[in-house]
Amino acid sequence: MIIFPAIDLKDGQCVRLKRGIMEDATVFNADPAAQAKIFQAQGFRWLHCVDLNGAFEGRSANADAIKSIRAAIDLPIQLGGGIRDRAAVEAWLEAGITRVILGTAALTDPDFVKDAARAHPGRIVVGADAKGGKIATQGWAEVSELAPVELGKRFEDAGVAALLFTDIDGDGLLQGVNVKATAALARALTIPVIASGGVGSLADIEALMAAKEPNIEGVVVGRALYDGRIDPAQALAAAAGRG
């Protein structure tokens, strides 16, 4: 299982939110590129990056910080936030981003997402951000009536790399990843599932491993890495089945 350390960008800084509320942001590093180097040095194999301003504005808003991160490390990067059209997808892939996450667009313009996924097999991730069990969009500000499994099934034949399932209700609160919902989603879909939201301790990673669901590709870890609740070496060992 892959552990994706998270760099969430707000106003050019590396922050973490609570329940996706922009006003409730904690700055953990004013230099995102330096933070990316730390994660690489700790042994992580991927980086998860989100342009929070972009998610709300509908366009990339932290491009300079993202490009500085890309230049600073060799790790593959998956990037989300404000990527709403084909031009933006192409621009980020050409800039060296490995995977582009499409969340709001997956709900509002599924044909665009399918076309992008077919044009770039294995490089498009569908973001399934759930609040109260329903898909939320526009930087989590609007909630639809669609369940994550329904969203995922729309893209099973399009060649997407993964479904990123974020439990907004627990995001940034360190109260535990939603293992039950993540495992159920992974069983229901042929698309690999990445868990996100609420990871607060090594026990969360161990619980995902204990689910023994091969379709869970990985888990995004944010605040717990920044505040020291999770030791990187122990987390990587657990995710490799050596815990």
# chains A, B, ... in the order shown; residues from 1 in each chain; ligands from 1
call {"tool": "closest_atom_pairs", "arguments": {"of": "range 148-169 of chain A", "to": "range 102-126 of chain A", "cutoff": "10 Å", "atoms": "only C-alpha atoms", "output": "Markdown table"}}
result
| residue | atom | partner | partner_atom | distance |
| --- | --- | --- | --- | --- |
| A:Leu151 | CA | A:Leu107 | CA | 7.5 |
| A:Gly152 | CA | A:Val126 | CA | 7.8 |
| A:Arg154 | CA | A:Pro110 | CA | 8.0 |
| A:Phe155 | CA | A:Lys114 | CA | 6.8 |
| A:Glu156 | CA | A:Lys114 | CA | 9.6 |
| A:Asp157 | CA | A:Lys114 | CA | 8.6 |
| A:Ala158 | CA | A:Lys114 | CA | 5.4 |
| A:Gly159 | CA | A:Pro121 | CA | 5.2 |
| A:Val160 | CA | A:Ile124 | CA | 5.1 |
| A:Ala161 | CA | A:Gly122 | CA | 4.2 |
| A:Ala162 | CA | A:Val125 | CA | 5.0 |
| A:Leu163 | CA | A:Val126 | CA | 4.9 |
| A:Leu164 | CA | A:Val126 | CA | 6.1 |
| A:Phe165 | CA | A:Val126 | CA | 8.7 |
call {"tool": "select_by_dssp", "arguments": {"residues": "range 34-183 of chain A", "states": "helix (DSSP H, G or I)", "output": "NGL selection string"}}
result
:A and (34-41 or 52-57 or 63-72 or 86-94 or 104-108 or 110-119 or 148-153 or 168-170 or 179-183)
call {"tool": "closest_residue", "arguments": {"among": "A:Gly132, A:Pro32, A:Gly200, A:Pro192", "to": "Gly228 in chain A", "atoms": "only C-alpha atoms"}}
result
A:Gly200
call {"tool": "select_by_dssp", "arguments": {"residues": "range 32-192 of chain A", "states": "strand (DSSP E)", "output": "PyMOL selection string"}}
result
chain A and resi 47-51+77-80+99-102+124-131+134-137+142-143+162-167
call {"tool": "write_last_selection", "arguments": {"atoms": "N, CA and C atoms", "output": "compact mmCIF listing (two decimals), in the first residue's frame"}}
result
# COMPACT_ATOMS: atom_id res chain seq x y z
N LEU A 47 4.09 11.85 -3.75
CA LEU A 47 3.67 13.07 -3.06
C LEU A 47 2.26 13.42 -3.54
N HIS A 48 1.42 13.77 -2.58
CA HIS A 48 0.05 14.19 -2.86
C HIS A 48 -0.01 15.69 -2.63
N CYS A 49 -0.45 16.44 -3.63
CA CYS A 49 -0.45 17.90 -3.52
C CYS A 49 -1.81 18.46 -3.93
N VAL A 50 -2.33 19.40 -3.15
CA VAL A 50 -3.62 20.01 -3.44
C VAL A 50 -3.50 21.53 -3.40
N ASP A 51 -3.98 22.17 -4.45
CA ASP A 51 -4.06 23.63 -4.52
C ASP A 51 -5.40 24.05 -3.91
N ILE A 77 4.26 12.94 -8.51
CA ILE A 77 3.33 13.82 -7.80
C ILE A 77 1.93 13.66 -8.37
N GLN A 78 0.94 13.53 -7.48
CA GLN A 78 -0.45 13.64 -7.93
C GLN A 78 -0.99 14.96 -7.39
N LEU A 79 -1.63 15.71 -8.30
CA LEU A 79 -2.03 17.09 -8.01
C LEU A 79 -3.52 17.30 -8.25
N GLY A 80 -4.17 17.96 -7.31
CA GLY A 80 -5.57 18.34 -7.47
C GLY A 80 -5.80 19.76 -7.03
N ARG A 99 0.17 12.50 -12.00
CA ARG A 99 -1.28 12.26 -12.02
C ARG A 99 -2.01 13.56 -11.69
N VAL A 100 -3.09 13.79 -12.38
CA VAL A 100 -3.95 14.95 -12.13
C VAL A 100 -5.25 14.46 -11.51
N ILE A 101 -5.66 15.10 -10.42
CA ILE A 101 -6.90 14.73 -9.73
C ILE A 101 -8.02 15.64 -10.19
N LEU A 102 -9.11 15.05 -10.67
CA LEU A 102 -10.27 15.81 -11.11
C LEU A 102 -11.44 15.48 -10.20
N ILE A 124 -5.05 10.04 -14.72
CA ILE A 124 -6.15 10.83 -14.19
C ILE A 124 -6.74 10.13 -12.98
N VAL A 125 -6.83 10.84 -11.87
CA VAL A 125 -7.45 10.34 -10.65
C VAL A 125 -8.77 11.07 -10.45
N VAL A 126 -9.83 10.33 -10.16
CA VAL A 126 -11.13 10.93 -9.88
C VAL A 126 -11.23 11.19 -8.38
N GLY A 127 -11.52 12.41 -8.02
CA GLY A 127 -11.68 12.77 -6.62
C GLY A 127 -13.11 12.57 -6.16
N ALA A 128 -13.29 11.74 -5.15
CA ALA A 128 -14.62 11.49 -4.58
C ALA A 128 -14.59 12.00 -3.15
N ASP A 129 -14.92 13.27 -2.97
CA ASP A 129 -14.91 13.90 -1.65
C ASP A 129 -16.31 13.82 -1.06
N ALA A 130 -16.43 13.11 0.06
CA ALA A 130 -17.77 12.85 0.61
C ALA A 130 -18.01 13.58 1.92
N LYS A 131 -19.14 14.24 2.00
CA LYS A 131 -19.60 14.90 3.23
C LYS A 131 -20.97 14.32 3.56
N LYS A 134 -22.21 11.89 0.82
CA LYS A 134 -22.54 12.39 -0.51
C LYS A 134 -21.37 13.20 -1.07
N ILE A 135 -21.25 13.21 -2.39
CA ILE A 135 -20.14 13.90 -3.05
C ILE A 135 -20.26 15.42 -2.90
N ALA A 136 -19.15 16.03 -2.45
CA ALA A 136 -19.08 17.49 -2.32
C ALA A 136 -18.14 18.04 -3.38
N THR A 137 -18.45 19.23 -3.89
CA THR A 137 -17.66 19.84 -4.96
C THR A 137 -17.35 21.30 -4.62
N GLU A 142 -20.12 22.76 -1.83
CA GLU A 142 -21.44 22.35 -2.28
C GLU A 142 -21.54 20.82 -2.20
N VAL A 143 -22.69 20.33 -1.75
CA VAL A 143 -22.90 18.89 -1.58
C VAL A 143 -23.99 18.41 -2.54
N ALA A 162 -7.14 5.92 -10.43
CA ALA A 162 -7.64 5.61 -9.09
C ALA A 162 -8.80 6.52 -8.74
N LEU A 163 -9.51 6.14 -7.69
CA LEU A 163 -10.54 6.99 -7.10
C LEU A 163 -10.01 7.43 -5.74
N LEU A 164 -9.87 8.72 -5.56
CA LEU A 164 -9.39 9.28 -4.29
C LEU A 164 -10.61 9.57 -3.42
N PHE A 165 -10.81 8.75 -2.38
CA PHE A 165 -11.98 8.88 -1.52
C PHE A 165 -11.60 9.63 -0.25
N THR A 166 -12.14 10.84 -0.12
CA THR A 166 -11.86 11.67 1.05
C THR A 166 -13.11 11.79 1.91
N ASP A 167 -12.98 11.43 3.17
CA ASP A 167 -14.05 11.59 4.14
C ASP A 167 -13.90 12.98 4.75
call {"tool": "closest_atom_pairs", "arguments": {"of": "range 179-217 of chain A", "to": "range 17-30 of chain A", "cutoff": "12 Å", "atoms": "only C-alpha atoms", "output": "Markdown table"}}
result
| residue | atom | partner | partner_atom | distance |
| --- | --- | --- | --- | --- |
| A:Ser196 | CA | A:Arg19 | CA | 12.0 |
| A:Gly197 | CA | A:Arg19 | CA | 8.8 |
| A:Gly198 | CA | A:Arg19 | CA | 9.3 |
call {"tool": "atom_distance", "arguments": {"atom1": "CA of Gln40 in chain A", "atom2": "CA of Arg86 in chain A"}}
result
29.6 Å
call {"tool": "atom_distance", "arguments": {"atom1": "CA of Ala237 in chain A", "atom2": "CA of Cys14 in chain A"}}
result
25.6 Å
call {"tool": "closest_residue", "arguments": {"among": "A:Ala239, A:Ala184, A:Leu75, A:Ile69", "to": "Thr98 in chain A", "atoms": "only C-alpha atoms"}}
result
A:Leu75
call {"tool": "closest_residue", "arguments": {"among": "A:Ile73, A:Met209, A:Ala88, A:Ala224", "to": "Gly54 in chain A", "atoms": "only C-alpha atoms"}}
result
A:Ala88
call {"tool": "closest_residue", "arguments": {"among": "A:Ala61, A:Met1, A:Ala210, A:Ala72", "to": "Ala33 in chain A", "atoms": "only C-alpha atoms"}}
result
A:Ala72
call {"tool": "residues_around", "arguments": {"residues": "Pro214 in chain A", "least_positions_apart": "4", "cutoff": "12 Å", "atoms": "only C-alpha atoms", "output": "MDAnalysis selection string"}}
result
chainID A and resid 1:2 182:187 189:194 208:210 218
call {"tool": "write_last_selection", "arguments": {"atoms": "C-alpha atoms", "output": "PDB file, in the first residue's frame"}}
result
ATOM      1  CA  MET A   1       0.000   0.000   0.000  1.00  0.00           C
ATOM      2  CA  ILE A   2       1.286   3.457  -0.917  1.00  0.00           C
ATOM      3  CA  THR A 182     -13.091   2.806   2.113  1.00  0.00           C
ATOM      4  CA  ALA A 183     -13.069  -1.000   2.028  1.00  0.00           C
ATOM      5  CA  ALA A 184     -16.700  -1.162   0.892  1.00  0.00           C
ATOM      6  CA  LEU A 185     -15.940   1.273  -1.918  1.00  0.00           C
ATOM      7  CA  ALA A 186     -12.856  -0.702  -2.962  1.00  0.00           C
ATOM      8  CA  ARG A 187     -14.885  -3.913  -3.104  1.00  0.00           C
ATOM      9  CA  LEU A 189     -15.328  -0.834  -7.826  1.00  0.00           C
ATOM     10  CA  THR A 190     -12.728  -2.123 -10.263  1.00  0.00           C
ATOM     11  CA  ILE A 191     -10.866   1.210  -9.983  1.00  0.00           C
ATOM     12  CA  PRO A 192      -8.169   1.257  -7.265  1.00  0.00           C
ATOM     13  CA  VAL A 193      -9.188   3.350  -4.244  1.00  0.00           C
ATOM     14  CA  ILE A 194      -7.004   5.752  -2.257  1.00  0.00           C
ATOM     15  CA  LEU A 208      -6.406  -0.338   6.322  1.00  0.00           C
ATOM     16  CA  MET A 209      -3.865  -3.129   5.891  1.00  0.00           C
ATOM     17  CA  ALA A 210      -5.940  -5.423   8.112  1.00  0.00           C
ATOM     18  CA  GLY A 218      -2.938   3.730  -0.743  1.00  0.00           C
TER      19      GLY A 218
END
call {"tool": "closest_residue", "arguments": {"among": "A:Glu206, A:Glu90, A:Asp85, A:Asp74", "to": "Arg59 in chain A", "atoms": "only C-alpha atoms"}}
result
A:Asp85
call {"tool": "closest_residue", "arguments": {"among": "A:Leu202, A:Arg45, A:Asp227, A:Gly133", "to": "Ile168 in chain A", "atoms": "only C-alpha atoms"}}
result
A:Gly133
